[in-house]
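One file, data-v3.txt, carrying compact mmCIF, N, CA and C atoms:
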# COMPACT_ATOMS: atom_id res chain seq x y z
N MET A 1115 -12.52 26.74 18.09
CA MET A 1115 -11.14 26.98 18.42
C MET A 1115 -10.72 28.39 18.03
N ASN A 1116 -11.31 28.95 17.00
CA ASN A 1116 -10.96 30.28 16.54
C ASN A 1116 -11.36 31.35 17.56
N VAL A 1117 -12.52 31.18 18.19
CA VAL A 1117 -12.98 32.13 19.20
C VAL A 1117 -12.04 32.09 20.40
N TYR A 1118 -11.60 30.90 20.78
CA TYR A 1118 -10.69 30.75 21.90
C TYR A 1118 -9.38 31.50 21.64
N ARG A 1119 -8.84 31.40 20.44
CA ARG A 1119 -7.59 32.10 20.10
C ARG A 1119 -7.79 33.61 20.10
N SER A 1120 -8.92 34.07 19.64
CA SER A 1120 -9.20 35.51 19.61
C SER A 1120 -9.27 36.06 21.03
N ILE A 1121 -9.95 35.34 21.92
CA ILE A 1121 -10.05 35.80 23.32
C ILE A 1121 -8.68 35.78 23.98
N LEU A 1122 -7.90 34.75 23.72
CA LEU A 1122 -6.57 34.66 24.28
C LEU A 1122 -5.66 35.79 23.77
N ALA A 1123 -5.76 36.14 22.48
CA ALA A 1123 -4.97 37.24 21.93
C ALA A 1123 -5.38 38.57 22.54
N LEU A 1124 -6.68 38.77 22.77
CA LEU A 1124 -7.16 40.00 23.40
C LEU A 1124 -6.62 40.12 24.83
N LEU A 1125 -6.69 39.05 25.59
CA LEU A 1125 -6.19 39.08 26.97
C LEU A 1125 -4.67 39.29 27.01
N ALA A 1126 -3.96 38.71 26.07
CA ALA A 1126 -2.50 38.88 26.03
C ALA A 1126 -2.14 40.32 25.70
N SER A 1127 -2.90 40.94 24.79
CA SER A 1127 -2.61 42.33 24.43
C SER A 1127 -2.94 43.29 25.57
N LEU A 1128 -3.95 42.95 26.38
CA LEU A 1128 -4.30 43.80 27.52
C LEU A 1128 -3.27 43.70 28.64
N SER A 1129 -2.56 42.60 28.70
CA SER A 1129 -1.58 42.42 29.77
C SER A 1129 -0.20 42.98 29.42
N ALA A 1130 -0.03 43.50 28.21
CA ALA A 1130 1.27 44.02 27.79
C ALA A 1130 1.55 45.36 28.45
N ASP A 1131 2.82 45.63 28.66
CA ASP A 1131 3.27 46.89 29.27
C ASP A 1131 3.15 48.01 28.22
N PRO A 1132 2.44 49.12 28.52
CA PRO A 1132 2.29 50.20 27.53
C PRO A 1132 3.61 50.83 27.11
N ALA A 1133 4.57 50.89 28.01
CA ALA A 1133 5.87 51.47 27.65
C ALA A 1133 6.58 50.59 26.61
N GLU A 1134 6.46 49.29 26.75
CA GLU A 1134 7.07 48.37 25.77
C GLU A 1134 6.39 48.48 24.42
N ILE A 1135 5.09 48.68 24.43
CA ILE A 1135 4.36 48.83 23.17
C ILE A 1135 4.82 50.10 22.45
N ASP A 1136 5.04 51.19 23.20
CA ASP A 1136 5.51 52.44 22.60
C ASP A 1136 6.93 52.31 22.05
N ARG A 1137 7.76 51.46 22.64
CA ARG A 1137 9.13 51.28 22.17
C ARG A 1137 9.21 50.34 20.96
N GLU A 1138 8.22 49.53 20.77
CA GLU A 1138 8.30 48.50 19.72
C GLU A 1138 8.14 49.09 18.32
N GLN A 1139 7.31 50.11 18.14
CA GLN A 1139 7.07 50.67 16.81
C GLN A 1139 8.35 51.26 16.20
N PRO A 1140 9.14 52.08 16.92
CA PRO A 1140 10.39 52.56 16.30
C PRO A 1140 11.39 51.45 16.01
N ARG A 1141 11.42 50.42 16.83
CA ARG A 1141 12.31 49.29 16.56
C ARG A 1141 11.91 48.58 15.28
N ALA A 1142 10.62 48.40 15.10
CA ALA A 1142 10.14 47.74 13.89
C ALA A 1142 10.45 48.59 12.66
N ALA A 1143 10.27 49.90 12.78
CA ALA A 1143 10.57 50.78 11.66
C ALA A 1143 12.06 50.74 11.31
N ALA A 1144 12.91 50.69 12.33
CA ALA A 1144 14.35 50.61 12.08
C ALA A 1144 14.72 49.28 11.42
N ALA A 1145 14.07 48.21 11.83
CA ALA A 1145 14.33 46.91 11.22
C ALA A 1145 13.93 46.90 9.75
N VAL A 1146 12.81 47.52 9.45
CA VAL A 1146 12.36 47.59 8.06
C VAL A 1146 13.33 48.43 7.23
N ALA A 1147 13.80 49.55 7.77
CA ALA A 1147 14.75 50.39 7.05
C ALA A 1147 16.06 49.65 6.81
N ALA A 1148 16.50 48.89 7.77
CA ALA A 1148 17.74 48.10 7.60
C ALA A 1148 17.55 47.02 6.54
N ALA A 1149 16.38 46.41 6.51
CA ALA A 1149 16.12 45.38 5.50
C ALA A 1149 16.11 45.98 4.10
N TYR A 1150 15.49 47.15 3.94
CA TYR A 1150 15.49 47.80 2.63
C TYR A 1150 16.90 48.20 2.23
N ALA A 1151 17.71 48.67 3.17
CA ALA A 1151 19.09 49.06 2.85
C ALA A 1151 19.92 47.87 2.44
N THR A 1152 19.61 46.70 2.96
CA THR A 1152 20.35 45.50 2.59
C THR A 1152 20.14 45.15 1.13
N PHE A 1153 18.94 45.36 0.64
CA PHE A 1153 18.63 45.00 -0.74
C PHE A 1153 18.80 46.13 -1.72
N ALA A 1154 19.22 47.31 -1.27
CA ALA A 1154 19.44 48.45 -2.18
C ALA A 1154 20.68 48.19 -3.02
N PRO A 1155 20.67 48.59 -4.28
CA PRO A 1155 21.85 48.37 -5.12
C PRO A 1155 22.99 49.29 -4.69
N ASP A 1156 24.22 48.76 -4.78
CA ASP A 1156 25.41 49.54 -4.44
C ASP A 1156 25.97 50.20 -5.69
N VAL A 1157 25.18 51.02 -6.32
CA VAL A 1157 25.59 51.67 -7.56
C VAL A 1157 25.68 53.17 -7.31
N ALA A 1158 26.84 53.71 -7.56
CA ALA A 1158 27.02 55.15 -7.43
C ALA A 1158 26.37 55.83 -8.64
N PRO A 1159 25.86 57.03 -8.47
CA PRO A 1159 25.27 57.71 -9.62
C PRO A 1159 26.33 57.99 -10.68
N THR A 1160 25.97 57.81 -11.92
CA THR A 1160 26.93 58.02 -13.00
C THR A 1160 27.16 59.51 -13.21
N PRO A 1161 28.40 59.91 -13.42
CA PRO A 1161 28.67 61.33 -13.65
C PRO A 1161 28.15 61.75 -15.01
N PRO A 1162 27.86 63.01 -15.18
CA PRO A 1162 27.37 63.46 -16.49
C PRO A 1162 28.47 63.29 -17.54
N PRO A 1163 28.10 63.06 -18.79
CA PRO A 1163 29.12 62.87 -19.82
C PRO A 1163 29.95 64.14 -20.02
N ALA A 1164 31.21 63.95 -20.32
CA ALA A 1164 32.09 65.09 -20.56
C ALA A 1164 31.71 65.74 -21.89
N PRO A 1165 31.88 67.05 -21.99
CA PRO A 1165 31.56 67.70 -23.27
C PRO A 1165 32.47 67.17 -24.37
N ALA A 1166 31.93 67.12 -25.55
CA ALA A 1166 32.68 66.59 -26.69
C ALA A 1166 33.88 67.49 -26.98
N ALA A 1167 35.00 66.84 -27.28
CA ALA A 1167 36.20 67.59 -27.60
C ALA A 1167 36.05 68.23 -28.97
N CYS A 1168 36.49 69.42 -29.07
CA CYS A 1168 36.40 70.17 -30.32
C CYS A 1168 37.57 69.75 -31.22
N GLY A 1169 37.30 69.47 -32.48
CA GLY A 1169 38.36 69.06 -33.41
C GLY A 1169 39.39 70.15 -33.64
N CYS A 1170 38.96 71.39 -33.61
CA CYS A 1170 39.88 72.49 -33.86
C CYS A 1170 40.50 73.02 -32.56
N ALA A 1171 40.04 72.54 -31.42
CA ALA A 1171 40.53 72.96 -30.11
C ALA A 1171 40.39 74.46 -29.91
N GLY A 1172 39.42 75.07 -30.59
CA GLY A 1172 39.18 76.50 -30.44
C GLY A 1172 40.18 77.36 -31.17
N LYS A 1173 41.02 76.77 -32.04
CA LYS A 1173 42.06 77.52 -32.76
C LYS A 1173 41.67 77.71 -34.22
N CYS A 1174 40.47 78.15 -34.45
CA CYS A 1174 40.02 78.31 -35.82
C CYS A 1174 39.58 79.75 -36.06
N ALA A 1175 39.54 80.11 -37.32
CA ALA A 1175 39.05 81.42 -37.73
C ALA A 1175 38.05 81.21 -38.84
N ASN A 1176 36.82 81.60 -38.61
CA ASN A 1176 35.74 81.47 -39.60
C ASN A 1176 35.53 80.04 -40.06
N GLY A 1177 35.70 79.08 -39.17
CA GLY A 1177 35.43 77.68 -39.49
C GLY A 1177 36.58 76.97 -40.16
N ILE A 1178 37.75 77.58 -40.26
CA ILE A 1178 38.91 76.95 -40.88
C ILE A 1178 40.05 76.97 -39.87
N TYR A 1179 40.74 75.84 -39.73
CA TYR A 1179 41.89 75.76 -38.82
C TYR A 1179 43.00 74.94 -39.45
N LYS A 1180 44.20 75.05 -38.90
CA LYS A 1180 45.37 74.32 -39.41
C LYS A 1180 45.84 73.36 -38.31
N PRO A 1181 45.50 72.05 -38.43
CA PRO A 1181 45.87 71.10 -37.38
C PRO A 1181 47.38 70.90 -37.25
N ASP A 1182 48.12 70.92 -38.36
CA ASP A 1182 49.57 70.71 -38.28
C ASP A 1182 50.35 72.00 -38.53
N GLY A 1183 49.63 73.09 -38.73
CA GLY A 1183 50.28 74.38 -38.95
C GLY A 1183 50.39 74.76 -40.41
N ARG A 1184 50.14 73.82 -41.33
CA ARG A 1184 50.26 74.12 -42.76
C ARG A 1184 48.97 73.86 -43.52
N ILE A 1185 48.38 72.70 -43.35
CA ILE A 1185 47.22 72.30 -44.14
C ILE A 1185 45.96 72.84 -43.48
N GLU A 1186 45.13 73.51 -44.28
CA GLU A 1186 43.88 74.07 -43.76
C GLU A 1186 42.79 73.01 -43.81
N MET A 1187 41.98 72.96 -42.75
CA MET A 1187 40.83 72.05 -42.69
C MET A 1187 39.62 72.83 -42.22
N LYS A 1188 38.43 72.37 -42.66
CA LYS A 1188 37.19 72.99 -42.21
C LYS A 1188 36.74 72.33 -40.92
N CYS A 1189 36.18 73.13 -40.04
CA CYS A 1189 35.60 72.59 -38.81
C CYS A 1189 34.33 71.83 -39.13
N GLU A 1190 33.94 70.95 -38.25
CA GLU A 1190 32.69 70.22 -38.42
C GLU A 1190 31.52 71.19 -38.36
N PRO A 1191 30.42 70.89 -39.03
CA PRO A 1191 29.28 71.80 -39.01
C PRO A 1191 28.70 72.00 -37.61
N ASN A 1192 28.78 71.00 -36.77
CA ASN A 1192 28.25 71.15 -35.41
C ASN A 1192 29.38 71.14 -34.39
N CYS A 1193 30.41 71.91 -34.63
CA CYS A 1193 31.58 71.99 -33.76
C CYS A 1193 31.16 72.53 -32.39
N PRO A 1194 31.55 71.85 -31.30
CA PRO A 1194 31.10 72.28 -29.97
C PRO A 1194 31.64 73.62 -29.52
N CYS A 1195 32.72 74.11 -30.13
CA CYS A 1195 33.26 75.39 -29.68
C CYS A 1195 32.45 76.56 -30.21
N GLY A 1196 31.57 76.31 -31.20
CA GLY A 1196 30.69 77.36 -31.70
C GLY A 1196 31.30 78.20 -32.79
N CYS A 1197 32.40 77.74 -33.39
CA CYS A 1197 33.06 78.55 -34.42
C CYS A 1197 32.26 78.63 -35.71
N ARG A 1198 31.40 77.63 -35.97
CA ARG A 1198 30.64 77.63 -37.22
C ARG A 1198 29.26 78.27 -37.06
N LYS A 1199 28.94 78.70 -35.87
CA LYS A 1199 27.63 79.31 -35.63
C LYS A 1199 27.65 80.75 -36.15
N PRO A 1200 26.55 81.18 -36.76
CA PRO A 1200 26.52 82.57 -37.26
C PRO A 1200 26.57 83.56 -36.11
N ARG A 1201 27.29 84.63 -36.32
CA ARG A 1201 27.45 85.64 -35.28
C ARG A 1201 26.67 86.87 -35.55
Just dump the structure as structure tokens.
Amino acid sequence: MNVYRSILALLASLSADPAEIDREQPRAAAAVAAAYATFAPDVAPTPPPAPAACGCAGKCANGIYKPDGRIEMKCEPNCPCGCRKPR
């Protein structure tokens, strides 16, 4: 029975229209692309994190700032504004 099916499949493929065979491959590729798009996650890329806010807001001199205008405070050692970095 297996030989009979093989011969029948060969004869069926020989009787196919060549133009239809050429059109079928792009259709199959489009169907596969649509199937992959269906299962793709709907997640937008995450934006990069915002830079850390500086405690002194850039209003310091030599690593010391006045948050309320009277009391002096030291900036953090790793302040993002770069006020504590050696110059």
(message) Could you tell me how far atom N of Cys1195 of chain A sits from atom C of Tyr1179 of chain A, in Å to one decimal place?
(response) 13.9 Å
(request) Based on DSSP run over this structure's backbone, return all residues of chain A in strand (DSSP E or B), as a VMD selection string. (result) chain A and resid 1175 1178 to 1179 1187 to 1188
(message) Between atom C of Glu1134 of chain A and atom C of Ala1149 of chain A, what distance in Å does the model show, to one decimal?
(response)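 Pair atom C of Glu1134 of chain A / atom C of Ala1149 of chain A returns 22.7 Å.
Note that atom CA of Val1157 of chain A and atom CA of Ala1142 of chain A are 26.7 Å apart.
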(request) Identify all residues of chain A in helix (DSSP H, G or I) (DSSP on the backbone) and supply them as an NGL selection string. (result) :A and (1116-1128 or 1132-1153)
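Considering only C-alpha atoms, the residue among A:Val1146, A:Cys1193, A:Ala1158, A:Ala1130 positioned nearest to Cys1174 of chain A is A:Cys1193.
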